[in-house]
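One structure below.
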Number of protein chains: 2
Amino acid sequence: MTTLLNVKHLGFSSGTPLVVVDDSVAETLGVRAHDRLLLKFGGREAVAVVNIARNLPADAILVNEEVARLLGVKDGDLVEVSAAPPPRSARYIRDLLRGAWLGSEEMRAIVEDVVRDMLDEVEIAALVAAISQRGLSIEEAYYFARAMVETGERLDLGVEPVVDKHSIGGVPGDKTTLLVVPVVASLGYRIPKTSSRAITSPAGTADRAEVLMPVNLSLEEIKEIVLKVGGCIAWGGALRLAPADDKIIRVEHPLSIDPFLVPSIMAKKAAVSATHVVIDIPVGRGAKVGTVAEAERLARMLIQVGGRLGMKVACAVTHGDQPIGRAAGPALEAREALKALMGEGPPDLVDKAASLVGLLLETLGVEGGKQLALEALRSGRALAKMREIIEAQSGDPRVKPDDIPLGDKRFTVRADRDGVVVWVDNAAVATAARLAGAPKDKGAGVELHAKVGDVVRKGDPLLTVYSEYSSKLQAAEEYLESVATIGVGKPGLESLVKKVLEPAPPGYPLTLER
Amino acid sequence: MTTLLNVKHLGFSSGTPLVVVDDSVAETLGVRAHDRLLLKFGGREAVAVVNIARNLPADAILVNEEVARLLGVKDGDLVEVSAAPPPRSARYIRDLLRGAWLGSEEMRAIVEDVVRDMLDEVEIAALVAAISQRGLSIEEAYYFARAMVETGERLDLGVEPVVDKHSIGGVPGDKTTLLVVPVVASLGYRIPKTSSRAITSPAGTADRAEVLMPVNLSLEEIKEIVLKVGGCIAWGGALRLAPADDKIIRVEHPLSIDPFLVPSIMAKKAAVSATHVVIDIPVGRGAKVGTVAEAERLARMLIQVGGRLGMKVACAVTHGDQPIGRAAGPALEAREALKALMGEGPPDLVDKAASLVGLLLETLGVEGGKQLALEALRSGRALAKMREIIEAQSGDPRVKPDDIPLGDKRFTVRADRDGVVVWVDNAAVATAARLAGAPKDKGAGVELHAKVGDVVRKGDPLLTVYSEYSSKLQAAEEYLESVATIGVGKPGLESLVKKVLEPAPPGYPLTLER
């Protein structure tokens with residue numbers, strides 16, 4: 001059934017081709033919500049997911065700018081409209097929902113159609129939820145990652161080895177990358193590091209690095225800089241290295257799941273042609289991964305999928321129970337990283353960075369890498385390399401920690417008794433820093449004056465919140481008054497029970513909140 | 001963060017509250033796609049899922065008619081807009097995705113928010129896909145069904161027992177309900193039967209019954225008619241008996257899964273206050289349920305969930321390998337049902353209807369129900385009751401089978417050799433009938449001249465397609481030339497292999513198509 005309909009512009013662009021028709025039109029065409037329509041005009045075609053509305057004229061089709069552009073239509077143009085079958089990939093998702101494991105062809109079709117906007121978000125949501133339930137096989141993860149690489153842009157440095165580093169994330173204040181990149185580059189390796197901005201944390205690596213230098217580099221710029229100085233720290237968000245990922249994340253985010261974690265990470269490493277990769281898996285109560293056993297399962301999958309993609313991968317299971325170093329928030333962390341490169345870093349941060357470099361060098365067959373890293377930090381060679389990188393990325397290579405501005409509105413939480421710090425709550429630190437304005441306001445964040453094991457006396461400062469705005473400082477302050485961020489007690493005497501949920505409804509198992 | 005934005009009408013209504021803002025506005029408000037916005041205007045409030053667009057004015061918010069109605073706004077009005085937290089039910093769906101089983105409170109919240117349009121379709125799709133993967137527990141199915149009943153309209157006849165009948169469906173030509181309802185009513189029981197229209201089949205019970213009488217009844221009309229004549233056959237689609245179901249189906253349909261099958265069925269039975277129910281589960285290669293073992297698992301779940309809702313449920317596992325009777329399509333089936341009530345029905349249809357009545361009566365403690373049913377059919381009492389029902393529903397009670405018009409465009413498929421019919425393909429019969437115009441064109445459909453076991457000679461008619469339009473007849477004809485609908489062979493000598501899929505991609509298990 002083909003119908004001629006009058007185009008009317010919706011007047012906005014929504015990322016994927018979209019049309020709206022009246023329900024009477026949908027009935028005539030034999031389509032339902034989430035089905036697809038094929039539109040033809042002047043020899044051009046577009047396929048769009050159909051939204052069904054009421055109270056529209058029976059001869060009209062509303063189109064968004066994506067459709068208007070594909071067809072080259074203006075208001076009042078008559079387009080030929082008919083039902084379009086779902087793409088093969090939609091059938092593969094239905095197969096998956098009915099229990100099938102997917103092969104190379106299926107994964108490729110799904111990733112391609114995600115990139116080409118041929119899959120509806122209901123279909124992508126079903127894919128994500130089903131995979132979250134049953135898990136990906138290593139083979140599926142490999143096929144998915146490979147398809148993500150093949151459908152995106154690639155960085156080819158023309159040299160080998162190319163090393164890289166990634167963190168599963170989830171721990172505030174983890175500025176390890178700002179040390180690892182210059183250390184590794186100072187040792188003569190090439191590390192084209194692409195990083196993300198914060199989504200739920202006070203700062204992502206791109207947010208921290210941006211305090212020191214522009215991070216919005218093109219692939220050409222990354223290549224030029226890495227071949228010149230050995231390393232870079234760029235924002236990966238606009239590089240289209242694995243563009244399917246961004247579209248899948250749009251659906252994963254509201255559902256708070258990320259079942260494609262392994263292929264997403266490994267695809268982005270393969271897309272920059274990395275050959276040797278170290279991956280940090282922080283573990284702990286307040287991290288993304290709760291137990292060492294879970295971390296080991298994840299590590300095995302990362303190593304195997306990476307291996308199939310041609311990379312040598314080492315995974316580090318690290319302590320993620322409390323923030324790394326003493327600072328969370330872009331400017332505070334950039335200061336702390338710079339100090340660490342100058343030999344004044346907090347011991348946990350320095351040890352973590354050097355250990356990761358050691359593991360990375362082991363994948364290259366080099367022993368004693370941790371010592372090499374510590375020497376690079378001690379000797380100032382890592383700092384010199386960082387200044388080269390900053391200069392190559394058009395930042396100020398002479399920047400000193402104290403040059404970096406911090407929010408001038410401040411508030412300090414103090415110990416209400418004598419004792420020892422027995423825990424620091426990652427989520428509370430992150431929330432306070434974000435309420436204070438991080439990562440958008442670079443000068444906002446949280447500085448910790450005490451960490452686990454530190455002895456404190458009543459009245460000693462535990463943490464200071466920095467903000468650029470009084471109203472945001474106040475929001476952070478009110479929040480910190482409502483939660484316990486840092487636990488002070490006698491070690492071994494803390495109750496393990498923090499809080500029990502409200503009375504559970506019948507049939508619901510009692511749960512202790514972590 | 002609260003912002004004042006200028007209202008602009010999208011000019012259509014899309015079923016649920018929906019707004020569109022520019023991505024710069026979304027960033028200021030701190031929301032992403034699928035998050036929710038709270039809108040306030042003149043003391044009224046609305047919560048809507050946000051769609052994020054580009055190229056919109058930074059002070060504008062586009063609203064659909066649902067939002068406009070909730071707020072009472074016109075173009076240019078300034079509304080106060082802020083991010084709204086996701087409802088509790090969205091959190092429960094996330095819990096489910098992370099492995100939780102859901103209790104009474106959680107299921108109730110999900111169903112309520114589905115009905116109130118507080119859940120985004122991405123969330124509903126994730127719910128449906130996750131449940132499709134892991135299955136519902138009996139307890140979850142019960143809580144879900146109970147919540148569906150409690151959030152919908154109910155029919156209360158004020159008498160007991162109230163009996164009912166349901167079929168899982170999937171077999172073309174299954175007009176059993178058109179016999180069961182008058183038979184049961186003629187035996188003195190009350191059966192307020194609500195039925196659906198066809199979605200993928202040539203005719204639903206509502207489509208068949210509508211050939212004989214109006215089926216678009218209100219709950220008040222159903223009550224009045226059932227109390228007067230004992231039974232009715234109404235279209236259930238607009239009665240809001242379990243309104244959550246319709247919204248869930250909107251997402252299930254494009255995914256071709258229905259994990260909420262059991263609670264959906266049982267909720268609709270409980271909503272009409274049924275006390276004794278018989279459920280038909282057709283089993284076979286071409287039915288929805290493939291094996292008897294699968295049917296038994298489904299039956300146990302239906303019986304237990306029904307039991308918890310206060311109903312006595314019996315399930316019949318029936319032959320679903322070929323169409324029931326010889327007609328598929330609204331008018332053809334209405335004719336066949338009427339003939340069966342006149343004592344001239346095909347034996348499989350008559351036996352199936354009588355057997356289901358027997359099972360239903362067993363739940364009431366009545367033995368020999370099948371014989372009672374056969375007598376009601378033989379004696380004309382069932383026919384008389386059907387005429388009472390038709391009259392009560394404002395149809396023509398004197399209608400005769402030959403009065404019912406059939407499509408006058410016809411095409412007959414003939415046997416190309418001597419032999420015995422060894423199979424009839426349900427899907428091919430359904431597709432041919434639908435291409436011919438069914439269920440929309442009442443006179444369209446397929447009449448089978450031969451069924452499994454019938455001896456045919458080369459040139460004998462196997463089936464006739466009826467259509468109201470030459471173009472549709474031609475489409476059905478072309479389709480039937482491309483597939484084998486009825487298999488004629490020597491019994492026992494048919495090859496079991498119908499077709500093997502194209503070469504499978506590596507890693508994909510070889511599959512035989514059914």
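Residue numbering restarts at 1 for every chain of the structure tokens, chains are lettered A, B, ... in their displayed order, and ligands are numbered from 1 as they appear.
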If you run DSSP over the backbone, which residues in range 307-451 of chain A end up helix (DSSP H, G or I)? Put them as JSON, numbers by chain.
{"A": [307, 308, 330, 331, 332, 333, 334, 335, 336, 337, 338, 339, 340, 341, 347, 348, 349, 350, 351, 352, 353, 354, 355, 356, 357, 358, 359, 360, 361, 362, 363, 369, 370, 371, 372, 373, 374, 375, 376, 377, 378, 379, 381, 382, 383, 384, 385, 386, 387, 388, 389, 390, 391, 392, 401, 402, 403, 426, 427, 428, 429, 430, 431, 432, 433, 434, 435]}
For range 345-378 of chain A versus range 166-176 of chain A, which residues have an atom no more than 12 Å away, and what is each residue's nearest atom pair and distance in Å rounded to one decimal, using only C-alpha atoms, chain-then-number order, as JSON lines?
{"residue": "A:Gly345", "atom": "CA", "partner": "A:Thr176", "partner_atom": "CA", "distance": 11.0}
{"residue": "A:Pro346", "atom": "CA", "partner": "A:Thr176", "partner_atom": "CA", "distance": 11.3}
{"residue": "A:Pro347", "atom": "CA", "partner": "A:Thr176", "partner_atom": "CA", "distance": 11.8}
{"residue": "A:Asp348", "atom": "CA", "partner": "A:Thr176", "partner_atom": "CA", "distance": 9.9}
{"residue": "A:Leu349", "atom": "CA", "partner": "A:Thr176", "partner_atom": "CA", "distance": 6.5}
{"residue": "A:Val350", "atom": "CA", "partner": "A:Thr176", "partner_atom": "CA", "distance": 7.9}
{"residue": "A:Asp351", "atom": "CA", "partner": "A:Thr176", "partner_atom": "CA", "distance": 9.6}
{"residue": "A:Lys352", "atom": "CA", "partner": "A:Thr176", "partner_atom": "CA", "distance": 7.1}
{"residue": "A:Ala353", "atom": "CA", "partner": "A:Thr176", "partner_atom": "CA", "distance": 5.4}
{"residue": "A:Ala354", "atom": "CA", "partner": "A:Thr176", "partner_atom": "CA", "distance": 9.1}
{"residue": "A:Ser355", "atom": "CA", "partner": "A:Thr176", "partner_atom": "CA", "distance": 10.4}
{"residue": "A:Leu356", "atom": "CA", "partner": "A:Thr176", "partner_atom": "CA", "distance": 8.9}
{"residue": "A:Val357", "atom": "CA", "partner": "A:Thr176", "partner_atom": "CA", "distance": 10.3}
{"residue": "A:Leu360", "atom": "CA", "partner": "A:His166", "partner_atom": "CA", "distance": 11.0}
Which residue out of A:Thr16, A:Thr2, A:Ser82, A:Asn51 has the minimum interatomic distance to Leu38 in chain A when only C-alpha atoms are used?
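Closest residue, counting only C-alpha atoms: A:Ser82.
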Please check the contacts: residues of chain A at most 8 Å away from chain B, using only C-alpha atoms, listed as a PyMOL selection string.
chain A and resi 10-15+33-35+51-56+93-94+97-99+101-105+121-123+125-130+132-134+250-251+254-257+505-508
Extract the full set of strand (DSSP E or B) residues from range 343-455 of chain A according to DSSP on the backbone, and format it as a PyMOL selection string.
chain A and resi 409-414+419-424+445-448+455
So that I can check the surroundings of range 431-448 of chain B, please list as number ranges by chain every protein, DNA and RNA residue that reaches within 9 Å of it, counting only C-alpha atoms and ignoring chain neighbours fewer than 6 positions away.
B: 197-198, 200-204, 207-208, 211, 323, 325-333, 404-409, 461-477, 479-480
State, in Å with one decimal place, the distance from CA of Gly188 in chain A to CA of Leu212 in chain A.
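The value is 22.3 Å.
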List as a compact mmCIF listing (two decimals) with C-alpha atoms, in the first residue's frame the protein and nucleic acid residues near range 144-159 of chain A, meaning an atom at most 8 Å away when only C-alpha atoms are counted, but skip any in the same chain fewer than 2 places from it.
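To be explicit, this is the file written out as around-v3.txt:
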# COMPACT_ATOMS: atom_id res chain seq x y z
CA SER A 104 29.59 -12.68 13.32
CA MET A 107 26.53 -8.82 15.33
CA ARG A 108 27.84 -6.99 12.32
CA VAL A 111 26.17 -2.71 14.89
CA GLU A 112 25.84 -1.41 11.33
CA VAL A 115 25.27 3.30 13.40
CA GLU A 140 29.82 -12.51 20.72
CA ALA A 141 31.78 -9.79 22.51
CA TYR A 142 34.58 -10.21 19.98
CA PRO A 161 54.05 -1.11 19.40
CA VAL A 162 51.25 1.29 20.35
CA LEU A 219 42.54 12.15 14.73
CA LYS A 223 48.64 11.27 15.14
CA LEU A 227 54.48 10.75 16.58
CA LEU A 239 36.25 11.04 17.24
CA ARG A 240 33.68 8.45 16.08
CA LEU A 241 36.13 5.69 17.07
CA ALA A 242 33.27 3.26 17.75
CA PRO A 243 30.18 5.32 16.99
CA ALA A 244 27.75 2.49 17.76
CA ASP A 245 28.82 2.82 21.37
CA PRO A 263 33.40 -4.86 23.57
CA SER A 264 33.07 -1.08 24.01
CA MET A 266 38.25 -3.16 23.51
CA ALA A 267 36.78 -1.63 20.34
CA LYS A 268 38.03 1.81 21.34
CA ALA A 270 41.56 -1.47 18.72
CA ALA A 271 40.36 1.64 16.88
CA VAL A 272 43.51 3.53 17.93
CA SER A 273 45.52 0.48 16.78
CA LEU A 309 41.37 -8.36 18.31
Who sits within 7 Å of His9 in chain A, only C-alpha atoms, same chain under 4 positions skipped, as a PyMOL selection string:
chain A and resi 62-64+75
Closest to Asp77 in chain A among A:Leu29, A:Leu39, A:Leu5, A:Leu383, using only C-alpha atoms?
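Going through A:Leu29, A:Leu39, A:Leu5, A:Leu383 one by one, the smallest distance to Asp77 in chain A is for A:Leu5.
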If you count only C-alpha atoms, which residues fall within 10 Å of Val7 in chain B, apart from same-chain ones fewer than 4 positions away, as a compact mmCIF listing (two decimals) with C-alpha atoms, in the first residue's frame?
# COMPACT_ATOMS: atom_id res chain seq x y z
CA VAL B 19 8.07 17.40 25.18
CA ASP B 59 13.85 29.41 25.15
CA ALA B 60 11.31 27.01 23.64
CA ILE B 61 9.64 23.79 24.71
CA LEU B 62 7.51 21.87 22.22
CA VAL B 63 4.62 20.05 23.89
CA ALA B 68 -1.01 20.96 26.65
CA VAL B 73 -1.32 26.11 27.98
CA LYS B 74 -1.37 27.86 24.62
CA ASP B 75 1.50 28.87 22.32
CA GLY B 76 3.71 31.51 23.92
CA ASP B 77 2.79 30.72 27.52
CA LEU B 78 5.79 30.62 29.86
CA VAL B 79 6.09 27.35 31.79
Which residues are near Gly231 in chain B? Cut-off 12 Å, only C-alpha atoms, ignore same chain within fewer than 6 positions. Put them as a PyMOL selection string.
chain B and resi 157+162-165+177-194+221-225+382+385-393
Separation of CA of Gly358 in chain A from CA of Ala299 in chain A, in Å and rounded to one decimal:
17.2 Å
